[in-house]
>>> print(open('protein.csv').read())   # CSV, C-alpha atoms
chain,number,residue,atom,x,y,z
A,759,MET,CA,-32.7,15.7,-2.5
A,760,HIS,CA,-29.5,17.3,-3.6
A,761,LEU,CA,-26.3,15.7,-2.2
A,762,ASP,CA,-24.2,18.9,-2.2
A,763,ARG,CA,-22.3,18.2,1.0
A,764,LEU,CA,-21.7,14.5,0.4
A,765,PHE,CA,-20.0,15.3,-2.9
A,766,GLN,CA,-18.2,18.4,-1.7
A,767,SER,CA,-14.4,18.1,-1.5
A,768,GLY,CA,-12.8,18.0,2.0
A,769,ARG,CA,-9.4,17.9,3.6
A,770,ILE,CA,-7.7,15.7,6.1
A,771,GLY,CA,-4.4,17.4,7.1
A,772,THR,CA,-2.6,18.1,3.8
A,773,MET,CA,-4.7,15.6,1.8
A,774,GLU,CA,-7.6,16.8,-0.3
A,775,VAL,CA,-10.4,14.3,-0.9
A,776,LYS,CA,-12.8,14.7,-3.8
A,777,ASN,CA,-15.9,13.9,-1.7
A,778,ARG,CA,-17.0,13.0,1.8
A,779,ILE,CA,-17.5,9.3,1.2
A,780,VAL,CA,-15.0,7.0,2.9
A,781,MET,CA,-14.7,3.3,2.4
A,782,ALA,CA,-14.7,1.8,5.9
A,783,PRO,CA,-12.0,-0.7,6.7
A,784,MET,CA,-13.3,-4.2,6.5
A,785,GLY,CA,-11.5,-7.5,7.1
A,786,LEU,CA,-11.0,-9.4,3.8
A,787,GLN,CA,-8.6,-12.3,4.4
A,788,CYS,CA,-7.2,-11.6,1.0
A,789,HIS,CA,-3.5,-12.3,1.7
A,790,ASP,CA,-1.3,-15.3,1.6
A,791,PRO,CA,-0.3,-17.0,4.9
A,792,GLU,CA,2.8,-14.8,5.3
A,793,GLY,CA,0.9,-11.6,4.9
A,794,PHE,CA,1.7,-10.8,1.2
A,795,ILE,CA,-1.0,-9.2,-0.9
A,796,ARG,CA,-2.6,-11.3,-3.6
A,797,ASP,CA,-3.4,-9.8,-7.0
A,798,HIS,CA,-7.2,-9.9,-6.6
A,799,LEU,CA,-7.0,-7.5,-3.7
A,800,VAL,CA,-5.5,-4.9,-6.1
A,801,ASP,CA,-8.6,-5.4,-8.4
A,802,TYR,CA,-10.9,-5.2,-5.4
A,803,PHE,CA,-9.8,-1.8,-4.2
A,804,ALA,CA,-9.4,-0.4,-7.8
A,805,GLU,CA,-13.0,-1.3,-8.5
A,806,ARG,CA,-14.2,0.6,-5.4
A,807,ALA,CA,-12.1,3.6,-6.4
A,808,LYS,CA,-13.6,3.5,-9.9
A,809,GLY,CA,-17.0,3.5,-8.2
A,810,GLY,CA,-16.5,7.0,-7.0
A,811,VAL,CA,-15.5,6.7,-3.4
A,812,GLY,CA,-13.2,9.6,-2.3
A,813,PHE,CA,-11.1,7.9,0.3
A,814,ILE,CA,-10.4,4.2,0.9
A,815,ILE,CA,-9.2,2.9,4.3
A,816,THR,CA,-8.0,-0.7,4.1
A,817,MET,CA,-8.4,-3.6,6.5
A,818,ILE,CA,-6.0,-3.8,9.5
A,819,CYS,CA,-2.4,-4.6,8.7
A,820,SER,CA,-0.1,-6.3,11.2
A,821,ALA,CA,2.5,-3.7,12.2
A,822,VAL,CA,4.2,-5.8,14.9
A,823,ASN,CA,6.2,-8.9,14.0
A,824,PHE,CA,5.6,-10.7,17.3
A,825,ALA,CA,1.9,-10.2,17.0
A,826,PRO,CA,0.8,-11.0,13.4
A,827,SER,CA,-2.8,-11.4,12.4
A,828,PRO,CA,-3.6,-14.6,10.5
A,829,GLY,CA,-5.1,-14.0,7.1
A,830,GLY,CA,-4.2,-10.3,7.3
A,831,ALA,CA,-1.7,-8.1,5.5
A,832,GLY,CA,1.8,-7.7,6.9
A,833,ILE,CA,3.7,-4.4,7.1
A,834,TRP,CA,6.2,-5.2,9.8
A,835,ASP,CA,9.0,-5.6,7.2
A,836,ASP,CA,10.1,-3.7,4.1
A,837,LYS,CA,9.4,-6.9,2.0
A,838,PHE,CA,5.7,-6.0,2.1
A,839,ILE,CA,6.2,-2.6,0.5
A,840,PRO,CA,5.9,-3.7,-3.2
A,841,GLY,CA,2.5,-5.3,-2.7
A,842,ILE,CA,1.2,-2.2,-0.9
A,843,ARG,CA,2.5,0.0,-3.6
A,844,LYS,CA,0.7,-2.0,-6.3
A,845,VAL,CA,-2.6,-1.4,-4.6
A,846,ASN,CA,-1.9,2.3,-4.1
A,847,THR,CA,-1.0,2.7,-7.8
A,848,ALA,CA,-4.2,1.1,-8.9
A,849,VAL,CA,-6.4,3.2,-6.5
A,850,HIS,CA,-4.7,6.4,-7.6
A,851,GLU,CA,-5.2,5.6,-11.3
A,852,ALA,CA,-8.9,5.1,-10.5
A,853,GLY,CA,-9.1,8.5,-8.9
A,854,ALA,CA,-9.3,7.9,-5.1
A,855,LYS,CA,-7.0,8.4,-2.1
A,856,ILE,CA,-6.0,5.5,0.2
A,857,ALA,CA,-4.8,4.9,3.7
A,858,TRP,CA,-3.7,1.6,5.2
A,859,GLN,CA,-4.8,0.7,8.7
A,860,LEU,CA,-2.2,-0.3,11.3
A,861,GLY,CA,-2.9,-2.3,14.4
A,862,CYS,CA,-1.9,-4.9,16.9
A,863,ARG,CA,-4.5,-7.4,18.2
A,864,GLY,CA,-3.1,-7.8,21.8
A,865,LYS,CA,-5.0,-10.3,23.9
A,866,GLU,CA,-7.2,-11.2,20.8
A,867,LEU,CA,-4.2,-13.0,19.4
A,868,SER,CA,-4.9,-15.8,21.9
A,869,LEU,CA,-7.8,-16.8,19.6
A,870,TYR,CA,-5.5,-17.3,16.7
A,871,LEU,CA,-2.3,-18.8,18.0
A,872,GLU,CA,-3.2,-22.3,16.9
A,873,LYS,CA,-4.1,-21.0,13.4
A,874,LEU,CA,-0.8,-19.2,12.8
A,875,PRO,CA,1.3,-20.8,10.1
A,876,VAL,CA,4.5,-22.6,11.0
A,877,ALA,CA,6.5,-19.7,9.5
A,878,PHE,CA,5.2,-17.5,12.3
A,879,ILE,CA,5.5,-19.9,15.2
A,880,HIS,CA,9.1,-21.0,14.4
A,881,LYS,CA,10.7,-17.7,13.7
A,882,PRO,CA,14.5,-17.4,13.1
A,883,LYS,CA,16.5,-16.5,16.1
A,884,GLY,CA,16.3,-12.8,16.9
A,885,GLU,CA,12.9,-12.1,15.3
A,886,GLY,CA,11.0,-12.5,18.5
A,887,VAL,CA,8.2,-14.8,19.6
A,888,ILE,CA,4.5,-14.6,19.3
A,889,LYS,CA,2.9,-12.7,22.2
A,890,ALA,CA,-0.8,-12.3,23.1
A,891,LEU,CA,-0.3,-9.1,25.1
A,892,ALA,CA,-2.6,-6.9,27.2
A,893,PRO,CA,-2.2,-4.0,29.5
A,894,SER,CA,-3.0,-6.2,32.5
A,895,ALA,CA,-2.9,-10.0,33.0
A,896,ILE,CA,-6.7,-10.4,33.5
A,897,PRO,CA,-8.5,-13.6,32.4
A,898,TRP,CA,-10.4,-12.9,29.2
A,899,VAL,CA,-14.0,-13.9,29.6
A,900,TYR,CA,-14.3,-14.9,25.9
A,901,ASN,CA,-11.9,-17.9,26.2
A,902,ASN,CA,-10.8,-17.7,29.9
A,903,LYS,CA,-7.1,-17.4,28.8
A,904,VAL,CA,-4.8,-15.0,30.7
A,905,PRO,CA,-2.9,-12.7,28.4
A,906,GLU,CA,0.7,-11.7,29.0
A,907,GLU,CA,0.9,-8.3,30.7
A,908,ALA,CA,2.9,-5.9,28.5
A,909,THR,CA,6.1,-4.8,30.0
A,910,LEU,CA,7.5,-1.3,29.4
A,911,GLN,CA,9.8,-2.8,26.8
A,912,ASP,CA,6.9,-4.4,25.0
A,913,ILE,CA,5.1,-1.1,24.9
A,914,LYS,CA,8.2,0.6,23.5
A,915,ASP,CA,8.6,-2.2,20.9
A,916,ILE,CA,5.0,-1.8,19.7
A,917,VAL,CA,5.2,2.0,19.6
A,918,GLU,CA,8.4,1.7,17.5
A,919,SER,CA,6.9,-1.0,15.3
A,920,MET,CA,3.9,1.1,14.5
A,921,GLY,CA,6.1,4.1,13.6
A,922,GLU,CA,8.2,2.0,11.3
A,923,ALA,CA,5.1,0.5,9.7
A,924,ALA,CA,3.7,3.9,9.0
A,925,ARG,CA,7.0,4.9,7.4
A,926,ARG,CA,6.8,1.9,5.1
A,927,LEU,CA,3.3,2.9,4.1
A,928,LYS,CA,4.5,6.3,3.2
A,929,ASP,CA,7.4,4.9,1.2
A,930,ALA,CA,4.9,2.7,-0.7
A,931,GLY,CA,3.0,5.8,-1.9
A,932,SER,CA,0.0,5.7,0.5
A,933,ASP,CA,-1.9,9.0,1.0
A,934,ALA,CA,-2.3,8.6,4.7
A,935,VAL,CA,-2.3,6.1,7.6
A,936,GLU,CA,-5.0,5.1,10.0
A,937,ILE,CA,-4.0,3.8,13.5
A,938,HIS,CA,-6.6,1.3,14.7
A,939,GLY,CA,-7.4,1.9,18.3
A,940,GLY,CA,-10.8,0.3,18.5
A,941,HIS,CA,-12.8,-3.0,18.5
A,942,GLY,CA,-10.9,-4.8,21.2
A,943,LYS,CA,-7.4,-4.4,19.7
A,944,ILE,CA,-4.5,-3.6,22.1
A,945,ILE,CA,-5.0,0.2,22.1
A,946,THR,CA,-8.7,-0.4,23.0
A,947,GLN,CA,-7.5,-2.5,25.9
A,948,PHE,CA,-5.2,0.3,27.2
A,949,LEU,CA,-8.0,2.9,26.9
A,950,SER,CA,-10.5,0.8,28.8
A,951,PRO,CA,-10.7,0.9,32.7
A,952,ARG,CA,-12.2,-2.6,32.4
A,953,ASP,CA,-9.0,-4.0,30.9
A,954,ASN,CA,-6.3,-1.6,32.1
A,955,LYS,CA,-5.5,-2.1,35.8
A,956,ARG,CA,-2.0,-0.8,35.6
A,957,THR,CA,-0.5,1.5,38.2
A,958,ASP,CA,2.3,2.9,36.2
A,959,GLU,CA,2.3,5.8,33.7
A,960,TYR,CA,0.1,3.8,31.3
A,961,GLY,CA,-2.8,3.2,33.6
A,962,GLY,CA,-5.1,4.7,36.2
A,963,SER,CA,-6.4,8.1,35.1
A,964,ILE,CA,-8.2,8.8,31.8
A,965,GLU,CA,-5.1,10.6,30.6
A,966,LYS,CA,-2.7,7.8,31.6
A,967,ARG,CA,-4.9,5.2,29.9
A,968,ALA,CA,-4.6,7.4,26.7
A,969,ARG,CA,-0.8,7.6,26.9
A,970,PHE,CA,-0.2,4.4,24.9
A,971,ALA,CA,-2.3,5.6,22.0
A,972,CYS,CA,-0.7,9.1,22.2
A,973,ASP,CA,2.8,7.6,22.2
A,974,ILE,CA,1.9,5.6,19.0
A,975,ILE,CA,0.4,8.6,17.3
A,976,SER,CA,3.5,10.8,18.2
A,977,ARG,CA,6.0,8.2,17.0
A,978,VAL,CA,4.1,7.8,13.7
A,979,ARG,CA,4.2,11.5,13.3
A,980,GLN,CA,7.9,11.5,13.9
A,981,LYS,CA,8.4,8.8,11.3
A,982,VAL,CA,6.2,10.2,8.5
A,983,GLY,CA,6.9,13.9,9.0
A,984,PRO,CA,4.5,16.9,9.3
A,985,ASP,CA,2.7,16.6,6.0
A,986,PHE,CA,1.5,13.0,6.0
A,987,PRO,CA,-2.0,12.6,7.3
A,988,ILE,CA,-2.7,10.5,10.3
A,989,VAL,CA,-6.2,9.2,11.1
A,990,PHE,CA,-6.9,7.7,14.5
A,991,ARG,CA,-9.8,5.3,14.8
A,992,TRP,CA,-11.1,4.1,18.1
A,993,SER,CA,-14.2,2.9,20.0
A,994,ALA,CA,-15.6,6.0,21.6
A,995,SER,CA,-17.8,3.7,23.7
A,996,ASP,CA,-17.5,-0.1,24.0
A,997,PHE,CA,-21.0,-0.4,25.6
A,998,LEU,CA,-19.7,-2.7,28.3
A,999,PRO,CA,-20.1,-2.4,32.1
A,1000,GLY,CA,-17.0,-0.8,33.5
A,1001,GLY,CA,-15.6,-0.1,30.0
A,1002,THR,CA,-14.9,3.0,27.9
A,1003,THR,CA,-17.6,5.6,27.9
A,1004,ILE,CA,-18.3,8.5,25.5
A,1005,GLU,CA,-17.5,10.8,28.5
A,1006,ASP,CA,-14.0,9.2,28.7
A,1007,SER,CA,-13.5,9.6,25.0
A,1008,MET,CA,-14.5,13.2,25.0
A,1009,GLN,CA,-11.6,13.9,27.4
A,1010,GLN,CA,-9.2,11.7,25.4
A,1011,ALA,CA,-10.0,12.9,21.9
A,1012,PRO,CA,-8.1,16.3,22.3
A,1013,LEU,CA,-5.1,14.3,23.5
A,1014,PHE,CA,-5.1,12.3,20.3
A,1015,VAL,CA,-5.1,15.5,18.3
A,1016,GLU,CA,-2.4,17.1,20.4
A,1017,ALA,CA,-0.3,13.9,19.8
A,1018,GLY,CA,-0.6,14.4,16.0
A,1019,ALA,CA,-3.9,13.0,14.6
A,1020,ASP,CA,-5.2,14.9,11.6
A,1021,ALA,CA,-8.7,13.3,11.8
A,1022,LEU,CA,-10.6,11.1,14.2
A,1023,ASN,CA,-12.6,8.0,13.0
A,1024,VAL,CA,-15.2,7.4,15.6
A,1025,SER,CA,-16.5,3.8,16.0
A,1026,ALA,CA,-17.8,1.7,18.8
A,1027,SER,CA,-17.5,-1.8,20.5
A,1028,GLU,CA,-15.0,-4.2,21.9
A,1029,PHE,CA,-14.6,-7.9,21.1
A,1030,MET,CA,-17.4,-8.7,23.6
A,1031,SER,CA,-19.8,-6.2,22.1
A,1032,THR,CA,-19.4,-6.5,18.4
A,1033,GLU,CA,-23.1,-6.0,17.8
A,1034,TRP,CA,-22.2,-2.3,18.0
A,1035,GLN,CA,-19.5,-2.7,15.3
A,1036,PHE,CA,-21.6,-4.7,12.9
A,1037,LEU,CA,-24.9,-3.0,13.2
A,1038,SER,CA,-27.8,-5.4,12.2
A,1039,TYR,CA,-31.4,-4.8,11.2
A,1040,LEU,CA,-32.2,-4.7,15.0
A,1041,PHE,CA,-30.5,-1.3,15.2
A,1042,PRO,CA,-31.7,2.0,13.9
A,1043,ASP,CA,-29.9,3.6,10.9
A,1044,GLY,CA,-26.8,5.6,12.1
A,1045,ALA,CA,-27.0,4.1,15.6
A,1046,ILE,CA,-23.6,5.4,16.7
A,1047,VAL,CA,-23.5,8.7,14.8
A,1048,HIS,CA,-24.2,10.4,18.2
A,1049,LEU,CA,-20.7,9.3,19.3
A,1050,ALA,CA,-19.1,11.2,16.4
A,1051,GLU,CA,-21.3,14.2,17.1
A,1052,ALA,CA,-20.1,14.3,20.7
A,1053,ILE,CA,-16.4,14.0,19.7
A,1054,LYS,CA,-16.8,16.8,17.1
A,1055,LYS,CA,-17.8,19.2,19.9
A,1056,VAL,CA,-14.4,18.8,21.6
A,1057,VAL,CA,-11.9,18.8,18.6
A,1058,ASP,CA,-11.1,21.0,15.7
A,1059,VAL,CA,-10.0,18.3,13.2
A,1060,PRO,CA,-12.3,16.4,10.8
A,1061,VAL,CA,-14.4,13.6,12.3
A,1062,ILE,CA,-15.5,10.5,10.4
A,1063,THR,CA,-18.7,8.7,11.4
A,1064,VAL,CA,-19.7,5.1,10.5
A,1065,GLY,CA,-22.4,2.5,11.2
A,1066,LYS,CA,-25.4,1.6,9.1
A,1067,ILE,CA,-25.5,4.8,7.0
A,1068,TRP,CA,-26.7,3.1,3.8
A,1069,ASP,CA,-28.9,5.8,2.4
A,1070,PRO,CA,-27.0,8.7,0.8
A,1071,ARG,CA,-29.8,11.1,1.8
A,1072,HIS,CA,-29.2,10.1,5.4
A,1073,ALA,CA,-25.5,10.7,4.9
A,1074,GLU,CA,-26.3,14.2,3.5
A,1075,ARG,CA,-28.4,15.1,6.6
A,1076,ILE,CA,-25.6,14.0,9.0
A,1077,LEU,CA,-23.2,16.4,7.2
A,1078,GLU,CA,-25.8,19.1,6.9
A,1079,GLU,CA,-26.5,18.9,10.7
A,1080,GLY,CA,-22.8,19.2,11.5
A,1081,LYS,CA,-22.6,15.8,13.2
A,1082,ALA,CA,-19.6,14.7,11.2
A,1083,ASP,CA,-17.3,15.8,8.4
A,1084,PHE,CA,-16.9,12.5,6.5
A,1085,ILE,CA,-19.2,9.4,6.2
A,1086,ALA,CA,-17.7,5.9,6.2
A,1087,VAL,CA,-19.7,3.2,4.5
A,1088,GLY,CA,-18.8,-0.5,4.3
A,1089,ARG,CA,-21.4,-3.1,3.3
A,1090,GLN,CA,-22.8,-0.9,0.5
A,1091,LEU,CA,-19.4,-1.0,-1.2
A,1092,LEU,CA,-19.1,-4.7,-0.8
A,1093,ALA,CA,-22.5,-5.1,-2.5
A,1094,ASP,CA,-22.1,-2.4,-5.1
A,1095,PRO,CA,-18.8,-0.7,-5.8
A,1096,GLN,CA,-20.7,1.9,-7.9
A,1097,TRP,CA,-22.8,3.1,-4.9
A,1098,PRO,CA,-21.1,6.6,-4.8
A,1099,ASN,CA,-21.5,7.1,-8.6
A,1100,LYS,CA,-25.1,6.0,-8.5
A,1101,ALA,CA,-25.8,8.3,-5.5
A,1102,LYS,CA,-24.3,11.2,-7.3
A,1103,LYS,CA,-26.6,10.6,-10.4
A,1104,ASN,CA,-29.6,10.0,-8.1
A,1105,ARG,CA,-29.9,6.4,-9.3
>>> encode(input="protein.csv", output="structure tokens")
Amino acid sequence: MHLDRLFQSGRIGTMEVKNRIVMAPMGLQCHDPEGFIRDHLVDYFAERAKGGVGFIITMICSAVNFAPSPGGAGIWDDKFIPGIRKVNTAVHEAGAKIAWQLGCRGKELSLYLEKLPVAFIHKPKGEGVIKALAPSAIPWVYNNKVPEEATLQDIKDIVESMGEAARRLKDAGSDAVEIHGGHGKIITQFLSPRDNKRTDEYGGSIEKRARFACDIISRVRQKVGPDFPIVFRWSASDFLPGGTTIEDSMQQAPLFVEAGADALNVSASEFMSTEWQFLSYLFPDGAIVHLAEAIKKVVDVPVITVGKIWDPRHAERILEEGKADFIAVGRQLLADPQWPNKAKKNR
């Protein structure tokens, strides 16, 4: 089978990508306790770029200084720019494009508070305090802890932090930015009727639940300018009773584009349904491609699909059938950085 579409160049906003293979964002824990990048992370991404992937999306980076992610990269301060730039340079030299993923854990942070280094817990005066925020103060079934309900000022601070973080990524020479709105992070919580019980402008209707995400996308656009690509990733369904459905997401997706997203990366799951994020042998190949296919029908920007698409011939068929525009793969590139080159040579 010829893989003509898989190795056809594509565009996301102003960025041209040499093929349709995207390295999916995966947590790596390859940073020091403060969030600075270690040298072996540079080698890790460079090796995947040498393997032929067109576009790399990194693991989530903490954009908000009062909600850091232990073991994750930091980008809430200019001091992190040199490390990011080092990775970007290595990836560019190896022939790929790279976007860094921005996010904020929200209520999930309650799982990590006791693991955060002393440097985070005892911040200098004026740097804020650690907050496990959520749209609503509802006990979390996972650990029965009640998160702190985000105030309008908290929302404003997160929006501004995400914008500034994106500006830093651009200054570091990144090709694009991805905003993480899925997998139980705080944007997921605002989008979900299960978590979001607010009665103000950030809760209630499908459109109001999308406002937080749209405010972030808009602020990022303002900070990076019109020519820097923005990818928005979210869980188009969380597969939970009373949660986000694909019908909700089909109404919200055009709002994300209107706010400034140049591409949509369609995933699935919430923290309580991660079997839909990390698809095992119990699931059919491409088990959530239908979500991307549905979103593609309502937007006119490129759509990225993901989830147990391990066979390049399967990836080619997805593109051929018009179900998505780019294919994100993860575990293949952990196991074998040369997966794209081998596929291209029919090895």
>>> closest_residue(input="protein.csv", among="A:Met759, A:Ala923, A:Ile779, A:Val1015", to="Lys1103 (chain A)", atoms="only C-alpha atoms")
A:Met759
>>> closest_residue(input="protein.csv", among="A:Asp1058, A:Gln1096, A:Ile974, A:Lys1102", to="Arg1071 (chain A)", atoms="only C-alpha atoms")
A:Lys1102
>>> closest_residue(input="protein.csv", among="A:Ile1067, A:Ala1026, A:Leu860, A:Ala831", to="Gly1044 (chain A)", atoms="only C-alpha atoms")
A:Ile1067
>>> closest_atom_pairs(input="protein.csv", of="region 830-927 of chain A", to="region 765-775 of chain A", cutoff="10 Å", atoms="all atoms listed in the file", output="Markdown table")
| residue | atom | partner | partner_atom | distance |
| --- | --- | --- | --- | --- |
| A:Gly853 | CA | A:Val775 | CA | 10.0 |
| A:Ala854 | CA | A:Val775 | CA | 7.7 |
| A:Lys855 | CA | A:Val775 | CA | 6.9 |
| A:Ile856 | CA | A:Val775 | CA | 9.9 |
>>> closest_residue(input="protein.csv", among="A:Ile1046, A:Leu1022, A:Ile818, A:Val1064", to="Trp858 (chain A)", atoms="only C-alpha atoms")
A:Ile818
>>> closest_residue(input="protein.csv", among="A:Val1057, A:Leu867, A:Ala848, A:Val935", to="Pro783 (chain A)", atoms="all atoms listed in the file")
A:Val935
>>> closest_residue(input="protein.csv", among="A:Ala924, A:Leu786, A:Ile896, A:Ile1062", to="Phe1084 (chain A)", atoms="all atoms listed in the file")
A:Ile1062
>>> residues_near_point(input="protein.csv", point="(-7.8, -10.3, 27.8)", cutoff="6 Å", atoms="only C-alpha atoms", output="PyMOL selection string")
chain A and resi 865+896-898+905
>>> residues_around(input="protein.csv", residues="Ala1082 (chain A)", least_positions_apart="4", cutoff="7 Å", atoms="only C-alpha atoms", output="number ranges by chain")
A: 1050-1051, 1054, 1061-1063, 1076-1077
>>> residues_around(input="protein.csv", residues="Arg991 (chain A)", least_positions_apart="4", cutoff="8 Å", atoms="only C-alpha atoms", output="MDAnalysis selection string")
chainID A and resid 936:940 1022:1025
>>> closest_atom_pairs(input="protein.csv", of="region 1012-1042 of chain A", to="region 947-962 of chain A", cutoff="12 Å", atoms="all atoms listed in the file", output="Markdown table")
| residue | atom | partner | partner_atom | distance |
| --- | --- | --- | --- | --- |
| A:Phe1014 | CA | A:Leu949 | CA | 11.8 |
| A:Ser1027 | CA | A:Ser950 | CA | 11.2 |
| A:Glu1028 | CA | A:Gln947 | CA | 8.7 |
| A:Phe1029 | CA | A:Gln947 | CA | 10.1 |
| A:Met1030 | CA | A:Arg952 | CA | 11.9 |
>>> atom_distance(input="protein.csv", atom1="CA of Leu927 (chain A)", atom2="CA of Ile833 (chain A)")
7.9 Å
>>> atom_distance(input="protein.csv", atom1="CA of Thr1003 (chain A)", atom2="CA of Gly942 (chain A)")
14.1 Å
